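For reference, structure_15.txt (compact mmCIF, C-alpha atoms):
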```txt
# COMPACT_ATOMS: atom_id res chain seq x y z
CA MET A 991 12.36 -12.16 9.91
CA THR A 992 14.93 -13.31 7.39
CA VAL A 993 14.49 -15.96 4.73
CA LYS A 994 17.29 -18.25 3.57
CA ALA A 995 18.32 -17.62 -0.01
CA SER A 996 18.30 -21.35 -0.71
CA LYS A 997 14.62 -21.57 0.27
CA ILE A 998 13.48 -18.52 -1.63
CA ILE A 999 15.37 -19.66 -4.73
CA GLU A 1000 13.66 -23.04 -4.52
CA TRP A 1001 10.32 -21.22 -4.34
CA VAL A 1002 10.91 -18.93 -7.34
CA LYS A 1003 12.20 -21.86 -9.39
CA SER A 1004 8.89 -23.62 -8.80
CA LYS A 1005 7.10 -20.74 -10.52
CA ILE A 1006 8.86 -21.09 -13.87
CA GLY A 1007 6.25 -21.39 -16.61
CA LEU A 1008 3.62 -19.32 -14.85
CA GLY A 1009 2.24 -16.15 -16.40
CA TYR A 1010 2.88 -12.43 -16.34
CA VAL A 1011 0.25 -9.74 -16.02
CA TYR A 1012 1.17 -6.23 -14.92
CA SER A 1013 0.25 -5.73 -11.23
CA ALA A 1014 -0.30 -9.47 -10.62
CA ILE A 1015 0.90 -10.89 -7.30
CA GLY A 1016 0.00 -14.56 -7.66
CA GLN A 1017 -3.68 -14.60 -8.51
CA VAL A 1018 -5.24 -16.66 -11.30
CA CYS A 1019 -5.72 -14.60 -14.44
CA THR A 1020 -9.43 -14.31 -15.27
CA VAL A 1021 -11.54 -11.90 -17.27
CA GLN A 1022 -12.59 -10.39 -13.95
CA THR A 1023 -9.00 -9.80 -12.78
CA LEU A 1024 -8.10 -8.31 -16.16
CA LYS A 1025 -11.08 -5.96 -15.95
CA ALA A 1026 -9.96 -4.83 -12.50
CA ALA A 1027 -6.40 -4.29 -13.75
CA GLN A 1028 -7.71 -2.42 -16.79
CA ALA A 1029 -9.67 -0.08 -14.53
CA MET A 1030 -6.54 0.75 -12.54
CA TYR A 1031 -3.74 0.61 -15.10
CA GLY A 1032 -5.41 0.69 -18.51
CA SER A 1033 -4.28 4.23 -19.27
CA THR A 1034 -0.69 3.24 -18.48
CA MET A 1035 -0.59 0.00 -20.46
CA GLY A 1036 -2.77 1.12 -23.37
CA ASP A 1037 -5.39 -0.62 -25.48
CA GLY A 1038 -4.42 -4.13 -26.50
CA TYR A 1039 -2.67 -5.09 -23.27
CA PHE A 1040 -5.41 -6.15 -20.83
CA GLN A 1041 -8.05 -6.17 -23.58
CA LYS A 1042 -8.46 -5.38 -27.25
CA GLY A 1043 -11.49 -3.42 -28.32
CA GLY A 1044 -13.18 -4.31 -25.05
CA ASP A 1045 -12.62 -8.06 -25.52
CA TYR A 1046 -10.56 -9.51 -22.66
CA THR A 1047 -9.99 -12.76 -24.54
CA LYS A 1048 -8.03 -10.99 -27.28
CA GLY A 1049 -5.59 -8.73 -25.43
CA ARG A 1050 -1.92 -9.58 -24.91
CA CYS A 1051 -2.68 -10.94 -21.44
CA ALA A 1052 -5.28 -13.39 -22.77
CA LYS A 1053 -2.62 -16.08 -23.23
CA TRP A 1054 -2.40 -16.33 -19.43
CA LEU A 1055 -6.12 -16.78 -18.74
CA GLY A 1056 -6.56 -19.60 -16.23
CA LYS A 1057 -2.94 -19.43 -15.04
CA ILE A 1058 -1.37 -18.02 -11.89
CA CYS A 1059 0.42 -14.79 -12.76
CA TYR A 1060 2.98 -12.40 -11.30
CA ASP A 1061 4.60 -9.23 -12.48
CA CYS A 1062 8.31 -8.78 -11.80
CA SER A 1063 8.11 -7.28 -8.33
CA GLY A 1064 5.02 -9.35 -7.54
CA LEU A 1065 7.10 -12.54 -7.87
CA ILE A 1066 9.70 -11.34 -5.37
CA LYS A 1067 7.11 -9.99 -2.92
CA ALA A 1068 5.09 -13.20 -3.13
CA ALA A 1069 8.23 -15.24 -2.47
CA ARG A 1070 8.86 -13.30 0.72
CA LYS A 1071 5.22 -13.66 1.76
CA ALA A 1072 5.29 -17.41 1.16
CA MET A 1073 8.49 -17.86 3.16
CA SER A 1074 7.90 -15.45 6.05
CA GLY A 1075 4.28 -14.34 6.02
CA ILE A 1076 5.41 -10.73 5.57
CA TRP A 1077 3.92 -8.66 2.77
CA LEU A 1078 5.14 -5.24 1.72
CA ASP A 1079 3.57 -3.74 -1.39
CA VAL A 1080 6.48 -2.13 -3.21
CA SER A 1081 7.60 -1.74 -6.81
CA ALA A 1082 10.94 -2.75 -8.33
CA GLN A 1083 12.25 0.64 -7.18
CA GLY A 1084 10.85 -0.03 -3.71
CA LEU A 1085 12.70 -3.35 -3.56
CA TYR A 1086 15.91 -1.60 -4.57
CA ASP A 1087 15.33 1.04 -1.90
CA GLN A 1088 15.24 -1.75 0.70
CA CYS A 1089 18.78 -2.79 -0.22
CA THR A 1090 20.43 0.14 1.55
CA ALA A 1091 23.33 -1.80 3.07
CA ARG A 1092 24.59 -3.59 -0.04
CA ARG A 1093 23.80 -2.48 -3.57
CA GLY A 1094 25.45 -0.98 -6.61
CA THR A 1095 25.89 -1.12 -10.35
CA ILE A 1096 25.92 -4.49 -12.01
CA VAL A 1097 29.60 -4.43 -12.97
CA ASN A 1098 30.47 -4.75 -9.28
CA MET A 1099 27.83 -7.35 -8.45
CA PRO A 1100 28.83 -10.13 -6.04
CA LEU A 1101 27.70 -13.35 -7.67
CA ILE A 1102 25.90 -14.59 -4.57
CA PRO A 1103 22.67 -16.56 -5.08
CA GLY A 1104 19.67 -14.68 -3.75
CA THR A 1105 20.96 -11.28 -4.85
CA LEU A 1106 18.32 -9.18 -6.58
CA VAL A 1107 19.10 -7.71 -9.99
CA PHE A 1108 17.47 -4.61 -11.44
CA MET A 1109 17.02 -2.69 -14.68
CA TYR A 1110 17.11 1.08 -14.40
CA GLY A 1111 14.94 2.95 -16.90
CA THR A 1112 16.61 6.20 -17.89
CA LYS A 1113 13.35 7.51 -19.34
CA GLN A 1114 11.43 6.69 -16.16
CA GLY A 1115 14.23 7.71 -13.80
CA ARG A 1116 13.77 4.62 -11.61
CA MET A 1117 14.14 0.87 -11.45
CA VAL A 1118 11.66 -0.68 -13.87
CA HIS A 1119 12.37 -4.41 -13.56
CA VAL A 1120 13.64 -6.89 -10.99
CA GLY A 1121 14.72 -10.53 -10.91
CA MET A 1122 16.62 -12.87 -8.59
CA TYR A 1123 20.08 -14.26 -9.23
CA ILE A 1124 20.05 -18.00 -8.48
CA GLY A 1125 23.69 -18.87 -9.19
CA ASN A 1126 25.56 -20.41 -12.12
CA GLY A 1127 25.02 -17.26 -14.16
CA GLU A 1128 21.22 -17.60 -14.09
CA VAL A 1129 18.31 -15.39 -13.06
CA ILE A 1130 14.64 -16.13 -12.37
CA GLU A 1131 12.41 -13.27 -13.47
CA SER A 1132 8.81 -12.63 -14.37
CA ARG A 1133 10.01 -11.17 -17.62
CA GLY A 1134 6.93 -9.73 -19.27
CA VAL A 1135 3.57 -10.55 -20.79
CA ASP A 1136 5.18 -12.28 -23.78
CA TYR A 1137 7.33 -14.56 -21.59
CA GLY A 1138 5.91 -15.14 -18.12
CA VAL A 1139 8.17 -16.45 -15.35
CA VAL A 1140 11.38 -17.70 -16.92
CA LYS A 1141 14.98 -18.60 -16.19
CA THR A 1142 17.43 -16.44 -18.13
CA LYS A 1143 21.17 -15.94 -18.38
CA LEU A 1144 22.55 -13.00 -16.44
CA SER A 1145 24.95 -12.44 -19.34
CA GLN A 1146 22.13 -12.06 -21.86
CA ARG A 1147 19.99 -9.43 -20.14
CA ALA A 1148 20.50 -5.71 -19.59
CA TRP A 1149 20.61 -5.67 -15.80
CA THR A 1150 22.06 -2.39 -14.55
CA HIS A 1151 22.06 -2.72 -10.76
CA TRP A 1152 22.06 -5.27 -7.96
CA GLY A 1153 20.96 -5.25 -4.33
CA GLN A 1154 20.90 -7.59 -1.36
CA ALA A 1155 17.62 -7.35 0.52
CA PRO A 1156 17.98 -7.24 4.32
CA TRP A 1157 15.31 -9.92 4.70
CA ILE A 1158 17.34 -12.50 2.74
CA GLU A 1159 19.93 -14.65 4.54
CA PHE A 1160 22.64 -15.49 2.03
CA ASP A 1161 23.42 -19.09 2.88
CA LEU A 1162 24.85 -20.17 -0.49
CA PRO A 1163 28.44 -19.64 -1.69
CA ALA A 1164 29.29 -17.07 -4.34
CA ASP A 1165 30.05 -18.23 -7.87
CA GLU A 1166 33.73 -18.46 -8.70
CA THR A 1167 33.38 -17.47 -12.36
CA LYS A 1168 32.97 -13.82 -13.38
CA VAL A 1169 29.89 -13.26 -15.54
CA VAL A 1170 29.84 -10.76 -18.39
CA ILE A 1171 26.70 -8.64 -18.27
CA GLY A 1172 24.54 -8.52 -21.38
CA THR A 1173 22.39 -5.95 -23.14
CA GLU A 1174 19.00 -7.46 -24.02
CA SER A 1175 16.19 -5.43 -22.49
CA ASP A 1176 12.42 -5.57 -22.82
CA SER A 1177 11.69 -3.48 -19.75
CA GLY A 1178 10.67 -0.48 -21.83
CA ASP A 1179 14.14 1.03 -21.73
CA ASN A 1180 16.80 0.21 -24.31
CA SER A 1181 19.43 2.73 -23.37
CA THR A 1182 21.54 0.51 -21.14
CA ILE A 1183 25.08 -0.32 -22.22
CA LYS A 1184 26.86 -3.66 -22.18
CA LYS A 1185 29.19 -3.88 -19.23
CA ASP A 1186 32.00 -6.29 -18.52
CA ASP A 1187 35.30 -6.19 -16.62
CA SER A 1188 36.49 -3.35 -18.87
CA SER A 1189 33.90 -1.09 -17.19
CA GLN A 1190 35.84 -1.42 -13.95
CA VAL A 1191 38.99 -0.44 -15.83
CA ASP A 1192 37.13 2.60 -17.17
CA PHE A 1193 36.05 3.47 -13.63
CA ASN A 1194 39.59 3.28 -12.25
CA LYS A 1195 40.94 5.38 -15.12
CA ALA A 1196 38.20 7.97 -14.69
CA LEU A 1197 38.84 8.04 -10.93
CA ASP A 1198 42.55 8.67 -11.51
CA ASN A 1199 41.64 11.53 -13.86
CA LEU A 1200 39.44 13.14 -11.21
CA VAL A 1201 42.13 12.85 -8.55
CA SER A 1202 44.71 14.37 -10.90
CA LYS A 1203 42.42 17.18 -12.06
CA PHE A 1204 40.99 18.32 -8.73
CA GLY A 1205 43.64 17.16 -6.27
CA ILE A 1206 41.04 15.44 -4.09
CA SER A 1207 41.95 12.07 -2.64
CA LYS A 1208 40.73 8.81 -4.11
CA GLU A 1209 39.17 8.00 -0.72
CA TYR A 1210 36.85 11.01 -1.09
CA TRP A 1211 35.47 9.76 -4.39
CA THR A 1212 35.11 6.14 -3.27
CA LYS A 1213 33.16 7.24 -0.18
CA LYS A 1214 30.77 9.08 -2.48
CA LYS A 1215 30.43 5.89 -4.54
CA ASP A 1216 29.54 3.87 -1.44
CA ILE A 1217 26.77 6.32 -0.55
CA ASP A 1218 25.28 6.71 -4.03
CA PRO A 1219 24.87 3.50 -6.09
CA TYR A 1220 24.78 5.52 -9.32
CA PHE A 1221 27.94 7.47 -8.56
CA ASP A 1222 30.38 5.16 -10.32
CA ASP A 1223 28.51 5.75 -13.58
CA LEU A 1224 28.81 9.50 -12.97
CA ILE A 1225 32.54 9.18 -12.29
CA ILE A 1226 33.00 7.31 -15.56
CA LYS A 1227 31.03 9.93 -17.50
CA ILE A 1228 32.83 12.93 -15.98
CA GLY A 1229 36.28 11.52 -15.31
CA GLY A 1230 36.38 9.78 -18.66
CA LYS A 1231 36.20 13.13 -20.44
CA LEU A 1232 39.11 14.71 -18.54
```
Please lay out the structure from this file as structure tokens.
Amino acid sequence: MTVKASKIIEWVKSKIGLGYVYSAIGQVCTVQTLKAAQAMYGSTMGDGYFQKGGDYTKGRCAKWLGKICYDCSGLIKAARKAMSGIWLDVSAQGLYDQCTARRGTIVNMPLIPGTLVFMYGTKQGRMVHVGMYIGNGEVIESRGVDYGVVKTKLSQRAWTHWGQAPWIEFDLPADETKVVIGTESDSGDNSTIKKDDSSQVDFNKALDNLVSKFGISKEYWTKKKDIDPYFDDLIIKIGGKL
């Protein structure tokens, strides 16, 4: 069952101002829910996140006590559940894995409302954050414990990849203006690089270098790129050195 992008965007917009707690999927933040999260993820998040010195009213999450909360993937999964009744418990990486038909690096992103945007953590080796592009250069994301659910500028955040989920029906027109991608990241990974239209120039130059060096057709390399969403970055790294 597909969900219209216009409807899901309306839903995520209505959540602006709500809280963020890691692993939250739309429940009210209470001492009890923080204790449960601490038991499951405390070793990952460390002391001071869910609680501080055993006090759940003093941890970083305490600011959201009494509020409905989501983490980044929880917001997207809850939106799908609210619109279609379908729930699939996946992470940001799992959401990206769903986008097998249309996905890639952010420099080639189609500016179509409803498209998911991702941050890839080089240290983690996977997608570590997800948001939804809503048009006009804006994204709705459950950004982190210090921010909650917010609307941000696509150009001011370090998104690295995009994907179009098969369960979203893209019923809104694409933006006409090209957006420059920014660098700000609080996903735990700060190694992403600012990308704009010049990145595509770098890709084309690197591709020409590979064709010249190895005598393999440009079609061969572009087919590889279509299969592997990370391949254009690899082409730039290798071909750019030739």
Compile the contact shell of A:Pro1156 as a ChimeraX atom specification: residues with an atom at most 9 Å away, counting all atoms listed in the file, same-chain residues fewer than 4 positions apart removed.
/A:992,1088-1092
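Note that the spacing between atom CA of A:Arg1147 and atom CA of A:Asp1037 amounts to 27.4 Å.
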Straight-line distance linking atom CA of A:Trp1001 with atom CA of A:Tyr1110, stated in Å to one decimal
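Here the two named atoms are 25.4 Å from each other.
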Find the residues around A:Ile1058 up to 7 Å (only C-alpha atoms counted), leave out those fewer than 4 positions away in its own chain, and share them as JSON, numbers by chain.
{"A": [1008, 1009, 1016, 1017, 1018, 1019]}
Nearest residue to A:Val1097 from the set A:Leu1144, A:Leu1078, A:Leu1085, A:Ile1124 (distances using all atoms listed in the file)
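Looking only at the distances to A:Val1097, the closest residue turns out to be A:Leu1144.
Residue nearest A:Tyr1012, chosen from A:Tyr1060, A:Tyr1046, A:Trp1054, A:Trp1152 and counting all atoms listed in the file: A:Tyr1060.
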One decimal place gives the atom CA of A:Met1122-atom CA of A:Thr1105 separation as 5.9 Å
Give as a compact mmCIF listing (two decimals) with C-alpha atoms, in the coordinates of the input the set of residues within 8 Å of the point (21.7, -19.0, -12.8), where distances use the file's coordinates and all atoms listed in the file.
```txt
# COMPACT_ATOMS: atom_id res chain seq x y z
CA TYR A 1123 20.08 -14.26 -9.23
CA ILE A 1124 20.05 -18.00 -8.48
CA GLY A 1125 23.69 -18.87 -9.19
CA ASN A 1126 25.56 -20.41 -12.12
CA GLY A 1127 25.02 -17.26 -14.16
CA GLU A 1128 21.22 -17.60 -14.09
CA VAL A 1129 18.31 -15.39 -13.06
CA ILE A 1130 14.64 -16.13 -12.37
CA LYS A 1141 14.98 -18.60 -16.19
CA THR A 1142 17.43 -16.44 -18.13
CA LYS A 1143 21.17 -15.94 -18.38
CA LEU A 1144 22.55 -13.00 -16.44
```
Close residues, A:Met1109 itself excluded, 8 Å, only C-alpha atoms, min 6 positions apart in chain, as a PyMOL selection string:
chain A and resi 1117-1120+1148-1151+1177
Using only C-alpha atoms and a cutoff of 9 Å, can you tell me which residues are near (4.2, -7.6, -22.3) in the file's coordinates, and write them out as a PyMOL selection string?
chain A and resi 1010-1012+1039+1050-1051+1133-1138+1176-1177
Which residues are near stretch 1157-1166 of chain A? Cut-off 6 Å, all atoms listed in the file, ignore same chain within fewer than 5 positions. Put them as a PyMOL selection string.
chain A and resi 992-995+1101-1102
Would you mind listing what lies within 12 Å of A:Ala1029 as a ChimeraX atom specification, with only C-alpha atoms counted and same-chain residues fewer than 5 positions away left out?
/A:1013,1022-1024,1034-1037,1040-1041,1044
Between A:Ala1082, A:Leu1106, A:Met991, A:Leu1065, which has the minimum distance to A:Val1139 (counting all atoms listed in the file)?
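Among the listed residues, A:Leu1065 lies closest to A:Val1139.
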Enclose stretch 1092-1111 of chain A, meaning all of its atoms listed in the file, in a box aligned along x, y and z, pad it by 8 Å on each side, and list the centre and edge lengths in Å to one decimal, as AutoDock Vina command-line options.
```
--center_x 22.7 --center_y -6.8 --center_z -8.5 --size_x 31.5 --size_y 35.5 --size_z 32.9
```
